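Printed here is my_file.tsv (TSV, C-alpha atoms and all ligand atoms):
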chain	number	residue	atom	x	y	z
J	1	MET	CA	20.30	4.25	-26.82
J	2	ALA	CA	22.48	5.69	-24.07
J	3	LYS	CA	23.70	3.30	-21.37
J	4	ALA	CA	22.84	4.45	-17.87
J	5	PHE	CA	23.98	3.75	-14.32
J	6	SER	CA	22.23	4.89	-11.18
J	7	GLY	CA	22.05	3.95	-7.52
J	8	ILE	CA	19.88	4.27	-4.46
J	9	GLN	CA	20.79	3.86	-0.80
J	10	PRO	CA	18.88	1.26	1.21
J	11	THR	CA	18.79	3.65	4.16
J	12	GLY	CA	15.30	3.75	5.66
J	13	GLN	CA	12.24	3.53	3.45
J	14	ILE	CA	12.11	4.78	-0.11
J	15	GLN	CA	10.07	7.97	-0.44
J	16	LEU	CA	8.12	9.66	-3.22
J	17	GLY	CA	11.01	12.08	-4.02
J	18	ASN	CA	13.24	9.10	-4.83
J	19	TYR	CA	10.56	7.78	-7.17
J	20	ILE	CA	9.79	11.05	-8.95
J	21	GLY	CA	13.35	12.43	-9.08
J	22	ALA	CA	15.12	9.20	-9.94
J	23	LEU	CA	13.44	5.76	-10.20
J	24	ARG	CA	10.71	6.91	-12.60
J	25	ASN	CA	13.43	7.99	-15.05
J	26	TRP	CA	15.41	4.74	-14.95
J	27	GLN	CA	14.90	2.87	-18.24
J	28	PRO	CA	15.29	-0.90	-18.55
J	29	ASP	CA	17.64	-0.61	-21.52
J	30	PRO	CA	20.16	-3.38	-22.21
J	31	GLY	CA	23.58	-2.38	-20.91
J	32	SER	CA	22.14	-0.17	-18.15
J	33	PHE	CA	22.85	-0.98	-14.49
J	34	TYR	CA	20.85	-0.03	-11.39
J	35	CYS	CA	22.43	-0.60	-8.03
J	36	VAL	CA	21.33	-0.78	-4.41
J	37	VAL	CA	24.30	1.04	-2.89
J	38	ASP	CA	24.54	-0.75	0.46
J	39	LEU	CA	28.17	0.33	1.00
J	40	HIS	CA	27.08	3.96	0.82
J	41	SER	CA	24.51	3.28	3.53
J	42	ILE	CA	27.17	2.43	6.09
J	43	SER	CA	28.79	5.87	5.80
J	44	ALA	CA	26.26	6.90	8.51
J	45	PRO	CA	25.50	4.88	11.69
J	46	TRP	CA	23.41	1.79	10.88
J	47	ASP	CA	21.67	-1.21	12.38
J	48	PRO	CA	22.69	-4.52	10.71
J	49	LYS	CA	19.21	-6.06	10.86
J	50	GLU	CA	17.56	-2.96	9.36
J	51	LEU	CA	20.23	-2.74	6.69
J	52	ARG	CA	19.55	-6.34	5.63
J	53	GLN	CA	15.78	-5.75	5.50
J	54	ASN	CA	16.00	-2.42	3.69
J	55	THR	CA	18.49	-3.78	1.16
J	56	ARG	CA	16.09	-6.61	0.19
J	57	SER	CA	13.05	-4.32	0.07
J	58	THR	CA	14.89	-1.74	-2.05
J	59	ALA	CA	16.02	-4.49	-4.42
J	60	ALA	CA	12.41	-5.77	-4.57
J	61	LEU	CA	11.28	-2.27	-5.56
J	62	LEU	CA	13.79	-2.02	-8.41
J	63	LEU	CA	12.76	-5.48	-9.62
J	64	ALA	CA	9.06	-4.54	-9.35
J	65	LEU	CA	9.80	-1.57	-11.62
J	66	GLY	CA	11.00	-4.08	-14.24
J	67	LEU	CA	14.62	-2.93	-14.07
J	68	GLY	CA	15.90	-6.51	-13.82
J	69	GLU	CA	14.56	-7.31	-17.31
J	70	GLY	CA	16.70	-5.79	-20.04
J	71	SER	CA	18.81	-3.77	-17.63
J	72	HIS	CA	20.46	-5.22	-14.51
J	73	VAL	CA	19.78	-4.83	-10.78
J	74	PHE	CA	22.48	-5.72	-8.27
J	75	LEU	CA	23.95	-4.93	-4.85
J	76	GLN	CA	27.05	-2.75	-4.65
J	77	SER	CA	28.71	-4.94	-1.99
J	78	HIS	CA	28.39	-8.01	-4.25
J	79	VAL	CA	30.85	-6.56	-6.77
J	80	HIS	CA	34.10	-5.88	-4.94
J	81	GLU	CA	35.49	-3.86	-7.86
J	82	HIS	CA	33.46	-0.85	-6.56
J	83	ALA	CA	35.37	-0.69	-3.27
J	84	GLU	CA	38.68	-1.41	-5.00
J	85	LEU	CA	38.32	1.36	-7.60
J	86	ALA	CA	37.15	3.66	-4.80
J	87	TRP	CA	40.57	3.31	-3.14
J	88	ILE	CA	42.32	4.25	-6.37
J	89	LEU	CA	40.02	7.27	-6.84
J	90	ASN	CA	40.62	8.24	-3.19
J	91	CYS	CA	44.22	8.74	-4.23
J	92	LEU	CA	43.24	10.96	-7.18
J	93	GLY	CA	40.42	12.97	-5.60
J	94	ARG	CA	41.45	16.15	-3.79
J	95	MET	CA	40.63	17.32	-0.27
J	96	GLY	CA	39.60	20.71	-1.67
J	97	GLU	CA	37.02	19.34	-4.09
J	98	LEU	CA	35.50	16.96	-1.55
J	99	ASN	CA	35.33	19.82	0.96
J	100	ARG	CA	33.17	21.71	-1.53
J	101	MET	CA	30.49	18.99	-1.72
J	102	THR	CA	27.31	20.57	-0.35
J	103	GLN	CA	25.97	17.24	0.92
J	104	PHE	CA	29.07	16.77	3.11
J	105	LYS	CA	28.87	20.38	4.23
J	106	SER	CA	25.32	19.88	5.50
J	107	LYS	CA	25.71	16.36	6.93
J	108	GLY	CA	29.29	16.00	8.14
J	109	ARG	CA	31.37	19.18	8.17
J	110	GLY	CA	32.65	20.08	11.63
J	111	LYS	CA	31.22	16.92	13.23
J	112	GLU	CA	33.98	15.14	15.14
J	113	ASP	CA	32.15	11.81	15.06
J	114	ALA	CA	31.18	11.87	11.33
J	115	SER	CA	32.78	8.89	9.57
J	116	VAL	CA	35.67	9.27	7.12
J	117	GLY	CA	33.42	7.37	4.69
J	118	LEU	CA	30.93	10.24	4.70
J	119	PHE	CA	33.70	12.53	3.43
J	120	THR	CA	35.01	10.20	0.70
J	121	TYR	CA	31.55	8.93	-0.26
J	122	PRO	CA	31.44	10.86	-3.62
J	123	LEU	CA	34.52	8.91	-4.77
J	124	LEU	CA	32.76	5.60	-4.13
J	125	MET	CA	29.89	7.00	-6.18
J	126	ALA	CA	32.34	7.97	-8.96
J	127	SER	CA	33.66	4.38	-8.91
J	128	ASP	CA	30.12	3.01	-9.22
J	129	ILE	CA	29.52	5.04	-12.34
J	130	LEU	CA	32.92	4.77	-14.03
J	131	LEU	CA	33.11	0.95	-13.84
J	132	TYR	CA	30.25	0.61	-16.36
J	133	ARG	CA	31.32	2.91	-19.25
J	134	VAL	CA	27.92	4.63	-19.23
J	135	GLN	CA	26.95	7.89	-20.90
J	136	GLU	CA	24.14	8.89	-18.54
J	137	VAL	CA	23.42	9.04	-14.83
J	138	PRO	CA	19.70	9.69	-14.13
J	139	VAL	CA	19.49	11.37	-10.70
J	140	GLY	CA	17.62	14.01	-8.73
J	141	GLU	CA	18.97	17.53	-8.39
J	142	ASP	CA	20.78	16.83	-5.08
J	143	GLN	CA	23.17	14.37	-6.78
J	144	LYS	CA	24.18	16.68	-9.65
J	145	GLN	CA	27.30	17.95	-7.90
J	146	HIS	CA	28.48	14.38	-7.25
J	147	VAL	CA	28.07	13.45	-10.93
J	148	GLU	CA	29.97	16.58	-11.92
J	149	LEU	CA	32.79	15.53	-9.58
J	150	THR	CA	32.73	12.12	-11.29
J	151	ARG	CA	33.20	13.87	-14.65
J	152	ASP	CA	36.13	15.91	-13.30
J	153	ILE	CA	37.83	12.80	-11.93
J	154	ALA	CA	37.29	10.88	-15.20
J	155	LEU	CA	38.74	13.74	-17.26
J	156	ARG	CA	41.71	14.11	-14.88
J	157	PHE	CA	42.38	10.37	-15.00
J	158	ASN	CA	42.13	10.21	-18.81
J	159	SER	CA	44.45	13.15	-19.37
J	160	ARG	CA	47.07	11.66	-17.05
J	161	PHE	CA	46.84	7.94	-17.89
J	162	GLY	CA	45.12	7.74	-21.30
J	163	PRO	CA	41.48	7.41	-22.44
J	164	VAL	CA	40.26	4.75	-20.02
J	165	PHE	CA	37.01	6.17	-18.64
J	166	THR	CA	33.81	7.16	-20.44
J	167	VAL	CA	32.91	10.66	-19.21
J	168	PRO	CA	29.26	10.54	-18.06
J	169	GLU	CA	26.55	13.23	-18.01
J	170	PRO	CA	23.97	13.73	-15.26
J	171	ARG	CA	20.40	13.30	-16.58
J	172	ILE	CA	18.04	15.43	-14.52
J	173	ALA	CA	14.34	15.86	-15.37
J	174	ASP	CA	13.01	19.40	-15.81
J	175	LEU	CA	10.17	18.72	-13.43
J	176	GLY	CA	10.27	16.79	-10.14
J	177	ALA	CA	14.07	16.85	-9.73
J	178	ARG	CA	13.63	18.24	-6.22
J	179	VAL	CA	10.44	17.09	-4.52
J	180	MET	CA	9.95	19.09	-1.33
J	181	SER	CA	8.90	18.07	2.19
J	182	LEU	CA	5.13	18.10	2.78
J	183	ARG	CA	5.71	19.80	6.14
J	184	ASN	CA	8.26	22.37	5.00
J	185	PRO	CA	8.20	23.05	1.25
J	186	LEU	CA	11.53	24.90	1.50
J	187	GLU	CA	13.35	21.65	2.35
J	188	LYS	CA	13.64	18.58	0.14
J	189	MET	CA	11.67	15.45	0.94
J	190	SER	CA	14.12	13.04	2.52
J	191	LYS	CA	14.22	9.42	3.76
J	192	SER	CA	16.04	10.58	6.87
J	193	ASP	CA	13.49	13.24	7.93
J	194	PRO	CA	12.24	12.10	11.37
J	195	ASP	CA	8.74	13.56	10.76
J	196	PRO	CA	6.68	10.80	9.07
J	197	ASN	CA	4.21	13.38	7.71
J	198	SER	CA	6.96	15.16	5.75
J	199	LYS	CA	7.26	12.31	3.23
J	200	ILE	CA	5.19	9.73	1.41
J	201	LEU	CA	6.70	6.27	1.57
J	202	LEU	CA	6.25	3.88	-1.33
J	203	THR	CA	4.92	1.39	1.22
J	204	ASP	CA	2.23	3.75	2.60
J	205	SER	CA	-1.40	2.58	2.29
J	206	ASP	CA	-3.94	4.54	0.21
J	207	GLU	CA	-5.40	6.02	3.42
J	208	VAL	CA	-2.04	7.13	4.80
J	209	ILE	CA	-1.06	8.73	1.47
J	210	SER	CA	-4.33	10.67	1.34
J	211	LYS	CA	-4.02	11.81	4.95
J	212	LYS	CA	-0.45	13.05	4.44
J	213	ILE	CA	-1.40	15.04	1.35
J	214	MET	CA	-4.54	16.48	2.93
J	215	THR	CA	-2.45	17.77	5.84
J	216	ALA	CA	0.44	19.04	3.67
J	217	VAL	CA	1.48	22.62	4.41
J	218	THR	CA	0.11	24.97	1.75
J	219	ASP	CA	0.48	28.69	1.36
J	220	SER	CA	-1.58	31.72	2.23
J	221	GLY	CA	-4.39	32.67	-0.17
J	222	ARG	CA	-6.64	30.10	-1.82
J	223	GLU	CA	-5.78	30.22	-5.52
J	224	VAL	CA	-4.06	27.17	-7.02
J	225	ALA	CA	-1.17	28.49	-9.12
J	226	TYR	CA	2.35	27.34	-10.03
J	227	GLU	CA	4.62	29.95	-8.46
J	228	PRO	CA	7.53	28.12	-6.79
J	229	LYS	CA	8.83	31.25	-5.03
J	230	GLU	CA	5.52	32.71	-3.83
J	231	LYS	CA	3.62	29.46	-3.34
J	232	PRO	CA	6.17	26.70	-2.65
J	233	GLY	CA	3.69	24.31	-0.98
J	234	VAL	CA	1.07	24.41	-3.74
J	235	SER	CA	3.77	24.37	-6.45
J	236	ASN	CA	5.33	21.25	-4.93
J	237	LEU	CA	1.96	19.45	-4.99
J	238	LEU	CA	1.41	20.58	-8.59
J	239	GLU	CA	4.82	19.16	-9.60
J	240	ILE	CA	4.06	15.87	-7.87
J	241	ALA	CA	0.68	15.60	-9.59
J	242	SER	CA	2.00	16.62	-13.00
J	243	THR	CA	4.97	14.23	-13.05
J	244	LEU	CA	2.80	11.30	-11.93
J	245	SER	CA	-0.22	11.96	-14.18
J	246	GLY	CA	1.55	13.35	-17.24
J	247	GLU	CA	-0.93	16.26	-17.27
J	248	PRO	CA	0.90	19.57	-17.86
J	249	ILE	CA	1.23	21.80	-14.81
J	250	GLU	CA	-0.68	24.67	-16.44
J	251	ALA	CA	-3.63	22.40	-17.24
J	252	LEU	CA	-3.72	21.06	-13.67
J	253	ALA	CA	-3.48	24.54	-12.20
J	254	ALA	CA	-6.28	25.78	-14.48
J	255	ARG	CA	-8.50	22.84	-13.54
J	256	PHE	CA	-8.15	23.48	-9.80
J	257	ARG	CA	-7.57	27.26	-9.85
J	258	ASP	CA	-10.78	28.36	-8.11
J	259	GLN	CA	-11.75	25.19	-6.30
J	260	GLY	CA	-9.84	25.91	-3.08
J	261	TYR	CA	-7.00	23.96	-1.50
J	262	GLY	CA	-9.18	21.16	-0.11
J	263	ALA	CA	-10.46	19.98	-3.50
J	264	PHE	CA	-6.99	20.46	-5.02
J	265	LYS	CA	-5.31	18.30	-2.39
J	266	ARG	CA	-7.95	15.59	-2.81
J	267	GLY	CA	-7.22	15.60	-6.54
J	268	VAL	CA	-3.47	15.30	-5.93
J	269	ALA	CA	-3.99	12.52	-3.38
J	270	ASP	CA	-6.07	10.52	-5.90
J	271	ILE	CA	-3.31	10.78	-8.51
J	272	VAL	CA	-0.57	9.67	-6.09
J	273	VAL	CA	-2.67	6.79	-4.73
J	274	GLU	CA	-3.46	5.47	-8.24
J	275	VAL	CA	0.22	5.46	-9.26
J	276	LEU	CA	1.65	3.96	-6.06
J	277	ARG	CA	-1.00	1.26	-5.43
J	278	PRO	CA	-0.06	-1.13	-8.29
J	279	LEU	CA	3.64	-0.60	-7.60
J	280	ARG	CA	3.15	-1.39	-3.88
J	281	GLN	CA	1.20	-4.53	-4.82
J	282	ARG	CA	3.96	-5.73	-7.14
J	283	VAL	CA	6.58	-5.12	-4.42
J	284	GLU	CA	4.48	-7.04	-1.87
J	285	ALA	CA	4.12	-10.00	-4.25
J	286	LEU	CA	7.87	-10.09	-4.88
J	287	THR	CA	8.80	-9.68	-1.22
J	288	ALA	CA	6.83	-12.81	-0.37
J	289	ASP	CA	9.58	-14.86	-2.05
J	290	VAL	CA	12.96	-13.83	-0.70
J	291	SER	CA	14.78	-16.62	-2.54
J	292	GLU	CA	13.50	-15.26	-5.88
J	293	ILE	CA	14.85	-11.78	-5.03
J	294	ASP	CA	18.20	-13.29	-4.11
J	295	ARG	CA	18.27	-15.37	-7.29
J	296	ARG	CA	17.67	-12.29	-9.44
J	297	LEU	CA	20.29	-10.30	-7.54
J	298	GLU	CA	22.72	-13.09	-8.28
J	299	GLU	CA	21.98	-12.72	-12.01
J	300	GLY	CA	22.56	-8.98	-11.65
J	301	ARG	CA	25.84	-9.58	-9.84
J	302	ALA	CA	27.13	-11.84	-12.62
J	303	ALA	CA	26.23	-9.26	-15.31
J	304	ALA	CA	27.80	-6.41	-13.34
J	305	GLU	CA	31.00	-8.35	-12.76
J	306	ARG	CA	31.36	-9.01	-16.48
J	307	GLU	CA	31.64	-5.24	-17.00
J	308	ALA	CA	33.40	-4.18	-13.83
J	309	ARG	CA	36.20	-6.75	-13.83
J	310	PRO	CA	37.84	-5.87	-17.19
J	311	MET	CA	37.33	-2.15	-16.47
J	312	LEU	CA	39.20	-2.35	-13.17
J	313	ALA	CA	41.95	-4.41	-14.84
J	314	GLU	CA	42.34	-1.65	-17.44
J	315	VAL	CA	42.58	1.00	-14.70
J	316	LYS	CA	45.22	-0.98	-12.78
J	317	GLU	CA	47.29	-1.49	-15.90
J	318	ALA	CA	47.03	2.22	-16.84
J	319	ILE	CA	48.21	3.46	-13.43
J	320	GLY	CA	51.15	1.07	-13.24
J	321	LEU	CA	50.00	-1.65	-10.85
J	322	LEU	CA	51.56	-4.97	-11.91
J	401	LIG	P1	19.78	8.61	-2.52
J	401	LIG	O1	19.67	7.19	-2.09
J	401	LIG	O2	19.79	9.66	-1.48
J	401	LIG	O3	18.59	8.95	-3.52
J	401	LIG	C1	18.30	8.15	-4.66
J	401	LIG	C2	17.86	9.04	-5.80
J	401	LIG	O4	16.69	9.79	-5.42
J	401	LIG	C3	16.90	11.17	-5.70
J	401	LIG	N1	16.17	11.96	-4.70
J	401	LIG	C4	15.29	12.92	-5.00
J	401	LIG	N2	14.86	13.41	-6.18
J	401	LIG	C5	13.93	14.40	-6.13
J	401	LIG	N3	13.42	14.91	-4.97
J	401	LIG	C6	13.84	14.46	-3.77
J	401	LIG	N4	13.33	14.97	-2.66
J	401	LIG	C7	14.81	13.42	-3.75
J	401	LIG	N5	15.42	12.74	-2.73
J	401	LIG	C8	16.26	11.87	-3.34
J	401	LIG	C9	18.41	11.37	-5.59
J	401	LIG	O5	18.83	12.51	-6.28
J	401	LIG	C10	18.92	10.07	-6.19
J	401	LIG	O6	19.00	10.17	-7.60
J	401	LIG	N6	24.65	9.06	-3.62
J	401	LIG	C11	23.36	8.61	-4.11
J	401	LIG	C12	23.34	7.15	-4.48
J	401	LIG	C13	24.40	6.72	-5.42
J	401	LIG	C14	24.41	6.94	-6.83
J	401	LIG	C15	25.59	6.30	-7.30
J	401	LIG	C16	23.56	7.61	-7.70
J	401	LIG	C17	25.50	6.00	-5.11
J	401	LIG	N7	26.23	5.72	-6.25
J	401	LIG	C18	25.92	6.31	-8.67
J	401	LIG	C19	23.89	7.65	-9.06
J	401	LIG	C20	25.06	6.99	-9.53
J	401	LIG	C21	22.31	8.84	-3.02
J	401	LIG	O7	22.61	8.93	-1.87
J	401	LIG	O8	21.02	8.80	-3.49
Written as structure tokens, how would this file's structure read?
Ligand code: TYM
Amino acid sequence: MAKAFSGIQPTGQIQLGNYIGALRNWQPDPGSFYCVVDLHSISAPWDPKELRQNTRSTAALLLALGLGEGSHVFLQSHVHEHAELAWILNCLGRMGELNRMTQFKSKGRGKEDASVGLFTYPLLMASDILLYRVQEVPVGEDQKQHVELTRDIALRFNSRFGPVFTVPEPRIADLGARVMSLRNPLEKMSKSDPDPNSKILLTDSDEVISKKIMTAVTDSGREVAYEPKEKPGVSNLLEIASTLSGEPIEALAARFRDQGYGAFKRGVADIVVEVLRPLRQRVEALTADVSEIDRRLEEGRAAAEREARPMLAEVKEAIGLL
């Protein structure tokens, strides 16, 4: 069983793309760690009150998914080794490779007021992963480049200072690795999209989910078919329905082929509602008891520290810090 590490930012509300591309693929295996990466969230402007609320609700979601039983759930800022290793990796990462990160190019490049943290953010992410000696990093497509950078840094470190780091692999599902916006199927669904109808939140009610799917942008024609280039809107809905129901895309497409977009969207909405409702109810039950969330995060912190502390000590020794 491969050990895994993954993280999610508590920036805004968690959306369906996060669930399908990442959370759904996180397994509660012993030795795996799942982290609410609150320090990453402050690389863009933030409101302290919202950060506190979103951090707890994101942690509640990971616990509701059962990731605190077997595997461990914790907050990045609770384990100071992450920030400390990030400094060391800041001194090994190169300007050129960080400049090539597409996420920075789209969010920060050329912006005078973008934070320095936004630029060095992939090295904090590399620190997260490398502290836990994991083989796998289950992520959506948009994080692949950051995991590849992590591999490059680990290999560079090991060849210069000896075999300290485990070199991880990204684990990206074939289907659902890039869930697209419901308003513009050429852009990915994103927490930070200001249009509420572009994304389904995990906290949305059954009615809101149905309404958003019924008004999703589809394509010209009326045939339901999986053709990501020609029919990006319909193909996105087919991917969402297939990943959540387990029914193969071809079978879904055949079932709805001649029924028209209205019936198809109603079918997709029913699938999404049935999957998200029990999850939302578990999150609501957990959120009612903040002290229980905090207690379980404390357990996660202790487990994470047991791994991170000796790892950082090994790194410091290898690079010549006394
Ligand atoms: P974040 O918080 O933006 O997203 C969390 C996870 O959700 C995936 N994701 C998607 N997958 C499919 N379709 C989408 N539309 C979609 N939107 C988001 C992301 O790929 C991600 O897996 N830098 C990371 C957090 C991080 C991390 C780490 C991840 C920090 N340290 C260490 C892995 C390992 C981020 O901002 O993810």
Using only C-alpha atoms, which residues sit within 7 Å of region 137-143 of chain J once same-chain residues fewer than 6 positions away are excluded, as a VMD selection string?
-> chain J and resid 4 to 6 21 to 22 25 to 26 168 to 172 177 to 178
Spatial neighbours of Ala114 (chain J), max dist 12 Å, only C-alpha atoms, sep filter under 4 positions, as a VMD selection string | chain J and resid 42 to 45 104 to 110 118 to 121
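For region 63-74 of chain J, the non-local neighbours within 8 Å, defined as residues at least 4 positions apart in the same chain or in other chains and counting only C-alpha atoms, are J:Trp26, J:Gln27, J:Pro28, J:Asp29, J:Pro30, J:Gly31, J:Ser32, J:Phe33, J:Tyr34, J:Cys35, J:Val36, J:Ala59, J:His78, J:Leu279, J:Arg282, J:Val283, J:Leu286, J:Arg296, J:Leu297, J:Glu298, J:Glu299, J:Gly300, J:Arg301, J:Ala303, J:Ala304.
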What lies within 8 Å of region 247-254 of chain J using all atoms listed in the file, ignoring chain neighbours under 5 positions off, as an mmCIF file with C-alpha atoms, in the frame of the given file?
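Everything below was put into result-v7.cif:
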data_model
loop_
_atom_site.group_PDB
_atom_site.id
_atom_site.type_symbol
_atom_site.label_atom_id
_atom_site.label_comp_id
_atom_site.auth_asym_id
_atom_site.auth_seq_id
_atom_site.Cartn_x
_atom_site.Cartn_y
_atom_site.Cartn_z
ATOM 1 C CA VAL J 224 -4.060 27.170 -7.020
ATOM 2 C CA ALA J 225 -1.170 28.490 -9.120
ATOM 3 C CA TYR J 226 2.350 27.340 -10.030
ATOM 4 C CA LEU J 238 1.410 20.580 -8.590
ATOM 5 C CA GLU J 239 4.820 19.160 -9.600
ATOM 6 C CA ALA J 241 0.680 15.600 -9.590
ATOM 7 C CA SER J 242 2.000 16.620 -13.000
#
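Proximity of J:His40, J:Arg100, J:His146, J:Lys3 to Tyr132 (chain J), computed with all atoms listed in the file, is greatest for J:Lys3.
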Compile the contact shell of Leu149 (chain J) as a PyMOL selection string: residues with an atom at most 10 Å away, counting all atoms listed in the file, same-chain residues fewer than 2 positions apart removed.
-> chain J and resi 93+97-98+101+122-123+125-126+144-147+151-155
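The spacing separating CA of Asp294 (chain J) from CA of Arg52 (chain J) amounts to 12.0 Å.
Here CA of Arg257 (chain J) is placed at a distance of 13.2 Å from CA of Leu237 (chain J).
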Reconstruct region 251-258 of chain J at the level of all heavy atoms, and format the result as a PDB file, in the frame of the given file.
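out.pdb was written with the following content:
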ATOM      1  N   ALA J 251      -2.290  22.961 -17.118  1.00  0.00           N
ATOM      2  CA  ALA J 251      -3.630  22.400 -17.240  1.00  0.00           C
ATOM      3  C   ALA J 251      -4.175  22.028 -15.856  1.00  0.00           C
ATOM      4  O   ALA J 251      -5.333  22.300 -15.521  1.00  0.00           O
ATOM      5  CB  ALA J 251      -3.601  21.170 -18.150  1.00  0.00           C
ATOM      6  N   LEU J 252      -3.302  21.424 -15.035  1.00  0.00           N
ATOM      7  CA  LEU J 252      -3.720  21.060 -13.670  1.00  0.00           C
ATOM      8  C   LEU J 252      -4.104  22.299 -12.876  1.00  0.00           C
ATOM      9  O   LEU J 252      -5.143  22.336 -12.206  1.00  0.00           O
ATOM     10  CB  LEU J 252      -2.563  20.365 -12.946  1.00  0.00           C
ATOM     11  CG  LEU J 252      -2.420  18.861 -13.121  1.00  0.00           C
ATOM     12  CD1 LEU J 252      -1.045  18.422 -12.650  1.00  0.00           C
ATOM     13  CD2 LEU J 252      -3.500  18.136 -12.325  1.00  0.00           C
ATOM     14  N   ALA J 253      -3.232  23.311 -12.970  1.00  0.00           N
ATOM     15  CA  ALA J 253      -3.480  24.540 -12.200  1.00  0.00           C
ATOM     16  C   ALA J 253      -4.795  25.177 -12.649  1.00  0.00           C
ATOM     17  O   ALA J 253      -5.597  25.618 -11.821  1.00  0.00           O
ATOM     18  CB  ALA J 253      -2.316  25.511 -12.362  1.00  0.00           C
ATOM     19  N   ALA J 254      -5.043  25.172 -13.972  1.00  0.00           N
ATOM     20  CA  ALA J 254      -6.280  25.780 -14.480  1.00  0.00           C
ATOM     21  C   ALA J 254      -7.493  25.005 -13.978  1.00  0.00           C
ATOM     22  O   ALA J 254      -8.508  25.591 -13.593  1.00  0.00           O
ATOM     23  CB  ALA J 254      -6.245  25.803 -16.010  1.00  0.00           C
ATOM     24  N   ARG J 255      -7.375  23.675 -13.965  1.00  0.00           N
ATOM     25  CA  ARG J 255      -8.500  22.840 -13.540  1.00  0.00           C
ATOM     26  C   ARG J 255      -8.886  23.108 -12.085  1.00  0.00           C
ATOM     27  O   ARG J 255     -10.051  23.105 -11.718  1.00  0.00           O
ATOM     28  CB  ARG J 255      -8.111  21.370 -13.746  1.00  0.00           C
ATOM     29  CG  ARG J 255      -9.205  20.374 -13.573  1.00  0.00           C
ATOM     30  CD  ARG J 255      -9.038  19.207 -14.558  1.00  0.00           C
ATOM     31  NE  ARG J 255      -7.844  18.402 -14.321  1.00  0.00           N
ATOM     32  CZ  ARG J 255      -7.784  17.432 -13.406  1.00  0.00           C
ATOM     33  NH1 ARG J 255      -8.818  17.179 -12.641  1.00  0.00           N
ATOM     34  NH2 ARG J 255      -6.680  16.720 -13.277  1.00  0.00           N
ATOM     35  N   PHE J 256      -7.866  23.334 -11.235  1.00  0.00           N
ATOM     36  CA  PHE J 256      -8.150  23.480  -9.800  1.00  0.00           C
ATOM     37  C   PHE J 256      -8.144  24.929  -9.322  1.00  0.00           C
ATOM     38  O   PHE J 256      -8.402  25.181  -8.143  1.00  0.00           O
ATOM     39  CB  PHE J 256      -7.126  22.683  -8.975  1.00  0.00           C
ATOM     40  CG  PHE J 256      -7.324  21.190  -9.056  1.00  0.00           C
ATOM     41  CD1 PHE J 256      -6.462  20.394  -9.791  1.00  0.00           C
ATOM     42  CD2 PHE J 256      -8.388  20.591  -8.392  1.00  0.00           C
ATOM     43  CE1 PHE J 256      -6.644  19.020  -9.867  1.00  0.00           C
ATOM     44  CE2 PHE J 256      -8.584  19.221  -8.458  1.00  0.00           C
ATOM     45  CZ  PHE J 256      -7.710  18.428  -9.200  1.00  0.00           C
ATOM     46  N   ARG J 257      -7.858  25.875 -10.252  1.00  0.00           N
ATOM     47  CA  ARG J 257      -7.570  27.260  -9.850  1.00  0.00           C
ATOM     48  C   ARG J 257      -8.518  27.798  -8.770  1.00  0.00           C
ATOM     49  O   ARG J 257      -8.071  28.260  -7.734  1.00  0.00           O
ATOM     50  CB  ARG J 257      -7.585  28.184 -11.080  1.00  0.00           C
ATOM     51  CG  ARG J 257      -7.401  29.667 -10.709  1.00  0.00           C
ATOM     52  CD  ARG J 257      -6.713  30.436 -11.800  1.00  0.00           C
ATOM     53  NE  ARG J 257      -5.363  29.915 -12.007  1.00  0.00           N
ATOM     54  CZ  ARG J 257      -4.812  29.682 -13.194  1.00  0.00           C
ATOM     55  NH1 ARG J 257      -5.492  29.917 -14.292  1.00  0.00           N
ATOM     56  NH2 ARG J 257      -3.597  29.214 -13.286  1.00  0.00           N
ATOM     57  N   ASP J 258      -9.837  27.704  -9.023  1.00  0.00           N
ATOM     58  CA  ASP J 258     -10.780  28.360  -8.110  1.00  0.00           C
ATOM     59  C   ASP J 258     -11.519  27.398  -7.194  1.00  0.00           C
ATOM     60  O   ASP J 258     -12.518  27.759  -6.588  1.00  0.00           O
ATOM     61  CB  ASP J 258     -11.785  29.186  -8.936  1.00  0.00           C
ATOM     62  CG  ASP J 258     -11.045  30.226  -9.763  1.00  0.00           C
ATOM     63  OD1 ASP J 258     -10.141  30.885  -9.205  1.00  0.00           O
ATOM     64  OD2 ASP J 258     -11.337  30.336 -10.975  1.00  0.00           O
TER      65      ASP J 258
END
